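Trainee: Compact mmCIF, C-alpha atoms, saved as upload_12.txt, coming up:
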# COMPACT_ATOMS: atom_id res chain seq x y z
CA MET A 3 41.99 -141.78 -46.46
CA THR A 4 39.24 -143.71 -48.27
CA GLN A 5 39.50 -147.49 -47.76
CA LYS A 6 39.25 -149.68 -50.86
CA THR A 7 38.67 -153.35 -51.57
CA ASN A 8 40.32 -155.55 -54.19
CA ASN A 9 37.58 -154.59 -56.66
CA GLU A 10 38.03 -150.86 -56.13
CA ILE A 11 40.43 -148.16 -57.20
CA SER A 12 41.33 -144.99 -55.33
CA VAL A 13 41.56 -141.58 -57.00
CA ARG A 14 42.11 -138.01 -55.88
CA VAL A 15 39.47 -135.44 -56.82
CA LEU A 16 40.33 -131.72 -56.95
CA PHE A 17 37.76 -128.91 -56.90
CA PHE A 18 38.24 -125.39 -58.23
CA GLY A 19 36.41 -122.07 -58.31
CA ALA A 20 32.74 -122.06 -57.44
CA ALA A 21 32.70 -125.88 -57.36
CA ARG A 22 35.16 -125.82 -54.47
CA ASP A 23 33.03 -123.29 -52.61
CA VAL A 24 29.94 -125.52 -53.01
CA VAL A 25 31.71 -128.71 -51.95
CA GLY A 26 33.65 -127.12 -49.09
CA HIS A 27 36.83 -129.05 -49.94
CA THR A 28 39.87 -128.43 -52.08
CA GLU A 29 40.43 -132.14 -52.64
CA VAL A 30 39.07 -135.51 -51.51
CA ASP A 31 40.01 -139.15 -51.93
CA LEU A 32 37.38 -141.28 -53.64
CA SER A 33 36.95 -145.03 -54.06
CA LEU A 34 35.50 -146.28 -57.36
CA LYS A 35 34.66 -149.69 -58.75
CA GLY A 36 37.32 -151.27 -60.93
CA ASN A 37 37.07 -150.65 -64.70
CA SER A 38 35.58 -147.22 -64.08
CA THR A 39 35.20 -144.57 -66.76
CA ALA A 40 35.25 -140.81 -66.46
CA ALA A 41 31.45 -140.81 -66.72
CA ASN A 42 31.15 -143.29 -63.84
CA ALA A 43 33.57 -141.28 -61.73
CA PHE A 44 31.78 -138.03 -62.50
CA GLU A 45 28.44 -139.49 -61.46
CA GLN A 46 29.95 -140.80 -58.23
CA VAL A 47 31.26 -137.32 -57.44
CA LEU A 48 27.78 -135.89 -58.02
CA GLU A 49 26.25 -138.53 -55.74
CA ASN A 50 28.74 -137.73 -52.98
CA PHE A 51 28.32 -133.97 -53.43
CA PRO A 52 24.76 -133.39 -54.73
CA LYS A 53 25.06 -129.60 -54.43
CA LEU A 54 27.26 -129.75 -57.54
CA ARG A 55 24.16 -130.57 -59.59
CA ARG A 56 23.23 -126.89 -59.42
CA PHE A 57 25.80 -126.31 -62.19
CA GLY A 58 23.86 -128.60 -64.52
CA ARG A 59 25.59 -129.51 -67.79
CA SER A 60 28.12 -126.69 -67.47
CA LEU A 61 30.29 -128.53 -64.95
CA LEU A 62 33.60 -129.70 -66.45
CA PHE A 63 35.66 -132.78 -65.65
CA ALA A 64 39.33 -133.60 -66.18
CA VAL A 65 41.45 -136.73 -65.75
CA ASN A 66 45.18 -136.33 -65.20
CA GLN A 67 45.07 -132.67 -66.27
CA GLU A 68 43.19 -133.28 -69.54
CA TYR A 69 39.55 -132.67 -70.41
CA ALA A 70 37.97 -136.12 -70.29
CA ALA A 71 35.44 -137.77 -72.60
CA GLY A 72 32.92 -139.94 -70.81
CA ASP A 73 34.43 -143.23 -72.00
CA ARG A 74 37.95 -142.48 -70.83
CA GLU A 75 39.26 -145.15 -68.48
CA VAL A 76 40.00 -144.08 -64.91
CA LYS A 77 42.82 -145.96 -63.20
CA ASP A 78 44.00 -146.36 -59.64
CA GLY A 79 45.91 -143.28 -58.50
CA ASP A 80 44.52 -140.96 -61.18
CA GLU A 81 43.97 -137.28 -60.48
CA LEU A 82 40.48 -136.03 -61.31
CA ALA A 83 39.31 -132.43 -61.31
CA VAL A 84 35.84 -130.88 -61.21
CA PHE A 85 35.25 -127.24 -62.07
CA PRO A 86 32.80 -124.78 -63.63
CA PRO A 87 33.49 -123.11 -67.00
CA VAL A 88 36.61 -120.98 -66.98
CA SER A 89 36.25 -117.21 -66.75
CA GLY A 90 35.44 -115.79 -70.18
CA GLY A 91 34.43 -117.91 -73.13
CA SER A 92 31.76 -115.76 -74.76
CA GLY A 93 34.05 -112.80 -75.27
CA LEU A 94 36.62 -110.59 -73.60
CA ASP A 95 35.80 -109.88 -69.96
CA THR A 96 38.67 -107.52 -69.23
CA GLU A 97 39.63 -104.32 -70.94
CA THR A 98 42.38 -104.90 -73.49
CA ARG A 99 45.17 -102.70 -74.70
CA ARG A 100 47.07 -103.54 -77.83
CA HIS A 101 50.55 -102.33 -78.59
CA GLY A 102 51.23 -102.92 -82.30
CA ASP A 103 54.59 -102.15 -83.88
CA ALA A 104 54.41 -101.11 -87.53
CA GLU A 105 56.05 -103.40 -90.05
CA THR A 106 59.71 -102.57 -90.39
CA GLY A 107 60.34 -104.14 -93.78
CA THR A 108 59.25 -106.75 -96.30
CA ALA A 109 60.06 -109.96 -94.46
CA SER A 110 59.66 -113.20 -96.34
CA THR A 111 57.04 -115.69 -95.13
CA LEU A 112 58.33 -117.35 -91.96
CA LYS A 113 57.30 -120.74 -90.63
CA ALA A 114 58.96 -121.44 -87.31
CA THR A 115 60.38 -124.92 -86.86
CA GLU A 116 59.46 -126.99 -83.81
CA ALA A 117 62.90 -126.34 -82.31
CA GLU A 118 62.55 -122.58 -82.83
CA ARG A 119 59.10 -122.58 -81.22
CA LYS A 120 60.42 -124.34 -78.14
CA THR A 121 63.27 -121.83 -77.92
CA HIS A 122 61.20 -118.66 -78.19
CA ASP A 123 57.58 -119.56 -77.32
CA PHE A 124 56.67 -119.38 -73.63
CA PHE A 125 53.58 -119.99 -71.48
CA GLU A 126 53.74 -118.99 -67.83
CA LEU A 127 51.72 -118.41 -64.68
CA THR A 128 52.92 -115.95 -62.07
CA THR A 129 51.82 -114.33 -58.83
CA ASP A 130 54.06 -111.33 -59.49
CA ALA A 131 53.18 -108.10 -61.31
CA ILE A 132 53.64 -108.48 -65.08
CA ASP A 133 55.97 -106.20 -67.03
CA VAL A 134 54.14 -105.92 -70.35
CA GLY A 135 57.08 -104.49 -72.24
CA ALA A 136 59.42 -107.20 -70.99
CA VAL A 137 57.01 -109.91 -72.17
CA ALA A 138 56.72 -108.31 -75.63
CA ARG A 139 60.47 -108.02 -76.07
CA ARG A 140 60.89 -111.77 -75.57
CA VAL A 141 59.23 -112.50 -78.94
CA VAL A 142 60.89 -109.69 -80.92
CA LEU A 143 63.25 -111.25 -83.47
CA PRO A 144 65.17 -109.75 -86.43
CA GLU A 145 63.23 -111.80 -89.01
CA CYS A 146 59.86 -110.45 -87.82
CA GLY A 147 58.19 -107.31 -89.12
CA ALA A 148 55.55 -106.87 -86.41
CA THR A 149 54.85 -107.66 -82.79
CA VAL A 150 51.35 -107.36 -81.32
CA THR A 151 50.85 -107.44 -77.58
CA LEU A 152 47.52 -107.71 -75.79
CA ASP A 153 47.39 -106.43 -72.22
CA GLY A 154 44.32 -107.55 -70.25
CA TYR A 155 43.87 -105.70 -66.96
CA ALA A 156 41.44 -105.45 -64.08
CA ARG A 157 38.68 -102.93 -64.69
CA GLU A 158 36.76 -101.07 -62.02
CA TRP A 159 33.17 -101.33 -63.24
CA THR A 160 31.20 -104.40 -64.40
CA LYS A 161 27.56 -104.03 -65.39
CA GLY A 162 27.13 -101.04 -63.11
CA ARG A 163 28.83 -102.62 -60.07
CA GLN A 164 32.10 -101.27 -58.74
CA THR A 165 34.80 -103.90 -58.40
CA LEU A 166 37.20 -103.57 -55.45
CA HIS A 167 39.70 -106.18 -56.62
CA LEU A 168 39.96 -109.48 -58.50
CA ILE A 169 41.19 -112.92 -57.48
CA TYR A 170 42.45 -115.34 -60.13
CA GLU A 171 42.77 -119.06 -59.45
CA ALA A 172 44.33 -121.66 -61.75
CA TYR A 173 44.56 -125.42 -61.99
CA ALA A 174 48.23 -124.78 -62.65
CA PRO A 175 49.52 -128.04 -64.21
CA MET A 176 46.53 -128.33 -66.53
CA ALA A 177 46.64 -124.62 -67.35
CA GLN A 178 50.26 -124.97 -68.48
CA ARG A 179 49.34 -127.91 -70.72
CA GLU A 180 46.35 -126.09 -72.21
CA LEU A 181 48.45 -122.98 -72.87
CA ALA A 182 51.04 -125.09 -74.69
CA ARG A 183 48.25 -126.71 -76.74
CA LEU A 184 46.91 -123.25 -77.53
CA GLY A 185 50.37 -122.26 -78.74
CA ARG A 186 50.57 -125.23 -81.10
CA LYS A 187 47.15 -124.41 -82.54
CA VAL A 188 48.11 -120.77 -83.10
CA HIS A 189 51.06 -121.88 -85.22
CA GLU A 190 48.80 -124.18 -87.21
CA ARG A 191 46.22 -121.47 -87.91
CA PHE A 192 48.34 -118.37 -88.50
CA GLU A 193 51.60 -117.43 -90.24
CA ILE A 194 53.40 -116.28 -87.10
CA ALA A 195 56.91 -116.67 -85.75
CA HIS A 196 56.42 -116.90 -81.99
CA ILE A 197 53.90 -116.45 -79.20
CA GLY A 198 54.27 -115.84 -75.48
CA VAL A 199 51.55 -115.87 -72.81
CA VAL A 200 51.89 -114.82 -69.18
CA HIS A 201 48.87 -115.00 -66.87
CA ARG A 202 48.81 -113.73 -63.32
CA THR A 203 47.07 -115.49 -60.43
CA GLY A 204 46.18 -114.37 -56.93
CA ARG A 205 44.84 -110.96 -55.94
CA LEU A 206 44.89 -108.10 -58.47
CA GLU A 207 44.10 -104.49 -57.75
CA ILE A 208 42.18 -102.35 -60.24
CA GLY A 209 44.34 -101.46 -63.24
CA GLU A 210 46.84 -104.26 -62.73
CA THR A 211 47.61 -106.55 -65.66
CA SER A 212 46.09 -110.03 -65.49
CA VAL A 213 47.26 -111.48 -68.81
CA VAL A 214 49.69 -110.60 -71.58
CA ILE A 215 49.80 -112.25 -74.99
CA ALA A 216 52.63 -111.28 -77.34
CA VAL A 217 52.81 -112.50 -80.94
CA SER A 218 55.53 -111.83 -83.49
CA ALA A 219 55.13 -112.39 -87.22
CA PRO A 220 56.57 -111.32 -90.57
CA HIS A 221 53.44 -109.19 -91.14
CA ARG A 222 51.17 -107.39 -88.70
CA ARG A 223 47.84 -108.81 -89.91
CA ALA A 224 48.74 -112.35 -88.89
CA ALA A 225 50.03 -111.11 -85.54
CA PHE A 226 46.80 -109.20 -84.81
CA GLU A 227 44.57 -112.09 -85.83
CA ALA A 228 46.60 -114.64 -83.86
CA CYS A 229 46.55 -112.46 -80.76
CA GLU A 230 42.77 -112.03 -80.94
CA TRP A 231 42.20 -115.75 -81.49
CA ALA A 232 44.57 -116.68 -78.65
CA ILE A 233 42.81 -114.59 -75.99
CA ARG A 234 39.43 -116.01 -76.95
CA GLU A 235 40.74 -119.58 -76.88
CA LEU A 236 42.50 -118.96 -73.57
CA LYS A 237 39.27 -117.74 -71.99
CA ARG A 238 37.40 -120.72 -73.41
CA THR A 239 39.69 -123.61 -72.50
CA VAL A 240 42.46 -122.75 -70.04
CA PRO A 241 41.42 -123.60 -66.45
CA ILE A 242 41.79 -120.19 -64.84
CA TRP A 243 38.92 -118.63 -62.88
CA LYS A 244 38.23 -115.05 -61.88
CA LYS A 245 36.43 -113.87 -58.76
CA GLU A 246 35.17 -110.29 -58.68
CA VAL A 247 34.97 -108.75 -55.22
CA PHE A 248 32.47 -105.92 -54.64
CA GLU A 249 31.55 -103.89 -51.58
CA ASP A 250 28.37 -105.94 -51.15
CA GLY A 251 29.64 -109.39 -52.08
CA GLU A 252 31.68 -111.44 -54.53
CA ILE A 253 31.07 -113.69 -57.52
CA TRP A 254 32.97 -116.17 -59.65
CA VAL A 255 32.85 -115.15 -63.30
CA GLU A 256 31.87 -118.02 -65.59
CA GLY A 257 31.92 -118.09 -69.36
CA GLU A 258 30.46 -120.51 -71.87
CA GLY A 259 33.53 -122.72 -71.70
CA ILE A 260 34.06 -125.85 -73.77
CA SER A 261 31.53 -128.61 -74.22
CA SER A 262 31.82 -131.36 -71.65
CA PRO A 263 31.11 -134.88 -72.94
CA THR A 264 31.48 -136.21 -69.40
CA ALA A 265 28.87 -133.86 -67.95
CA ASN A 266 26.44 -134.69 -70.73
CA THR A 267 26.55 -138.45 -70.29
Could I get this file's structure written as structure tokens?

Mentor:
Amino acid sequence: MTQKTNNEISVRVLFFGAARDVVGHTEVDLSLKGNSTAANAFEQVLENFPKLRRFGRSLLFAVNQEYAAGDREVKDGDELAVFPPVSGGSGLDTETRRHGDAETGTASTLKATEAERKTHDFFELTTDAIDVGAVARRVVLPECGATVTLDGYAREWTKGRQTLHLIYEAYAPMAQRELARLGRKVHERFEIAHIGVVHRTGRLEIGETSVVIAVSAPHRRAAFEACEWAIRELKRTVPIWKKEVFEDGEIWVEGEGISSPTANT
């Protein structure tokens, strides 16, 4: 346990993905000067673990499970996290299958209330195999005319290299919060009824489903567009990382990710 003086605060720092591999620790305790900001804390982490500088400006930083701007105050007992960009970001990095139901009638425009969203929207992480059909059925409601489901699964070949299996890792509490935020933004951008997202973590064999996004709406166009936007946003912002394992090695897949004000300070 790191000792601190009266002018210091103590925080816990978590590392994920390739950052954890470089540091050699899952988490550490760190003492900081009082009145510290996220930028100060980030720089202290880099000083303690200089190998992290290899990531340059791409390294991301979170405080209490939220992406942190450089001027955010860091308090005693806070939980910090350091990680590379999440897997994806610049586009889809798994094969996708869409299952679109044709419109069944002329439903009137539907705008789900907050209470209805909380009842039918869902955002989950699981280590179990995902039943795609079961996920889709959870957002099928009588007032909807279409349901679109995206099924992302582990593919065997990537840029000419044969993948043996995948390993997904998540910063689970933050991932749940980011998924819920994603859900709110989907409702703001598209005329949909409900959305559900289930993402698997742990080891996946080739062909197994890694993520399912199901969207229901009065009309199919909004459901298709919302589903496409949601997978791109998920791969850009939700802290889930993918490791591809080959016969001759393994690699963490990194996308463009979000901009990091903390890393750029």

Trainee: Using all atoms listed in the file, which of the listed residues (A:Leu166, A:His221, A:Trp231, A:Ala172) sits closest to A:Arg191?

Mentor: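 Selected residue with least distance to A:Arg191: A:Trp231.
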
Trainee: Can you tell me how far atom CA of A:Lys77 sits from atom CA of A:Glu49, in Å to one decimal?

Mentor: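 Distance reported for this atom pair: 19.6 Å.
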
Trainee: Could you check the closest approach to A:Asp73 for each of A:His196, A:Val25, A:Ala40, A:Ala148 and tell me which residue wins, using only C-alpha atoms?

Mentor: A:Ala40

Trainee: Work out how far atom CA of A:Val214 is from atom CA of A:Asn66, in Å to one decimal.

Mentor: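 Taking atom CA of A:Asn66 and atom CA of A:Val214, their separation equals 26.9 Å.
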
Trainee: Measure the distance from atom CA of A:Gly154 to atom CA of A:Val213 in Å and round it to one decimal.

Mentor: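 Here the two named atoms are 5.1 Å from each other.
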
Trainee: Counting only C-alpha atoms, figure out which residue out of A:Asp80, A:Asp123, A:Asp23, A:Glu252 gets nearest to A:Arg139.

Mentor: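 Residue with the minimum atom-to-atom distance to A:Arg139: A:Asp123.
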
Trainee: Smallest atom-to-atom distance to A:Glu126: which of A:Ser89, A:Ile215, A:Ala41, A:Phe192, using all atoms listed in the file?

Mentor: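 Of A:Ser89, A:Ile215, A:Ala41, A:Phe192, the one nearest A:Glu126 is A:Ile215, counting all atoms listed in the file.
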
Trainee: Report the closest atom pair, with its distance in Å rounded to one decimal, for each residue of stretch 145-218 of chain A that has an atom no farther than 8 Å from stretch 238-245 of chain A; count only C-alpha atoms, sort by chain and then rising residue number, and write it as CSV.

Mentor:
residue,atom,partner,partner_atom,distance
A:Leu168,CA,A:Lys245,CA,5.6
A:Ile169,CA,A:Lys245,CA,5.0
A:Tyr170,CA,A:Lys244,CA,4.6
A:Glu171,CA,A:Trp243,CA,5.2
A:Ala172,CA,A:Ile242,CA,4.3
A:Tyr173,CA,A:Pro241,CA,5.8
A:Ala174,CA,A:Pro241,CA,7.9
A:Met176,CA,A:Pro241,CA,7.0
A:Ala177,CA,A:Val240,CA,5.3
A:Glu180,CA,A:Val240,CA,5.6
A:Leu181,CA,A:Val240,CA,6.6

Trainee: Let me make sure I understand: among A:Ser60, A:Asn42, A:Thr203, A:Ser212, which one has the smallest atom-to-atom distance to A:Gly72 if we use all atoms listed in the file?

Mentor: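 Of A:Ser60, A:Asn42, A:Thr203, A:Ser212, the one nearest A:Gly72, counting all atoms listed in the file, is A:Asn42.
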
Trainee: With distances taken over all atoms listed in the file, which of A:Thr211, A:Val88, A:Ala83, A:Ser218 is nearest to A:Pro144?

Mentor: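 For A:Pro144, the nearest of the candidates is A:Ser218.
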
Trainee: With only C-alpha atoms as the counted atoms, please give the residues lying no more than 10 Å from A:Asp130, apart from itself and same-chain residues fewer than 3 positions off, as a ChimeraX atom specification.

Mentor: /A:127,133,201-206

Trainee: May I have the residues within 10 Å of A:Ala138 as a PyMOL selection string, using all atoms listed in the file and disregarding those fewer than 5 positions away in the same chain?

Mentor: chain A and resi 101+133+149-152+197-199+214-218
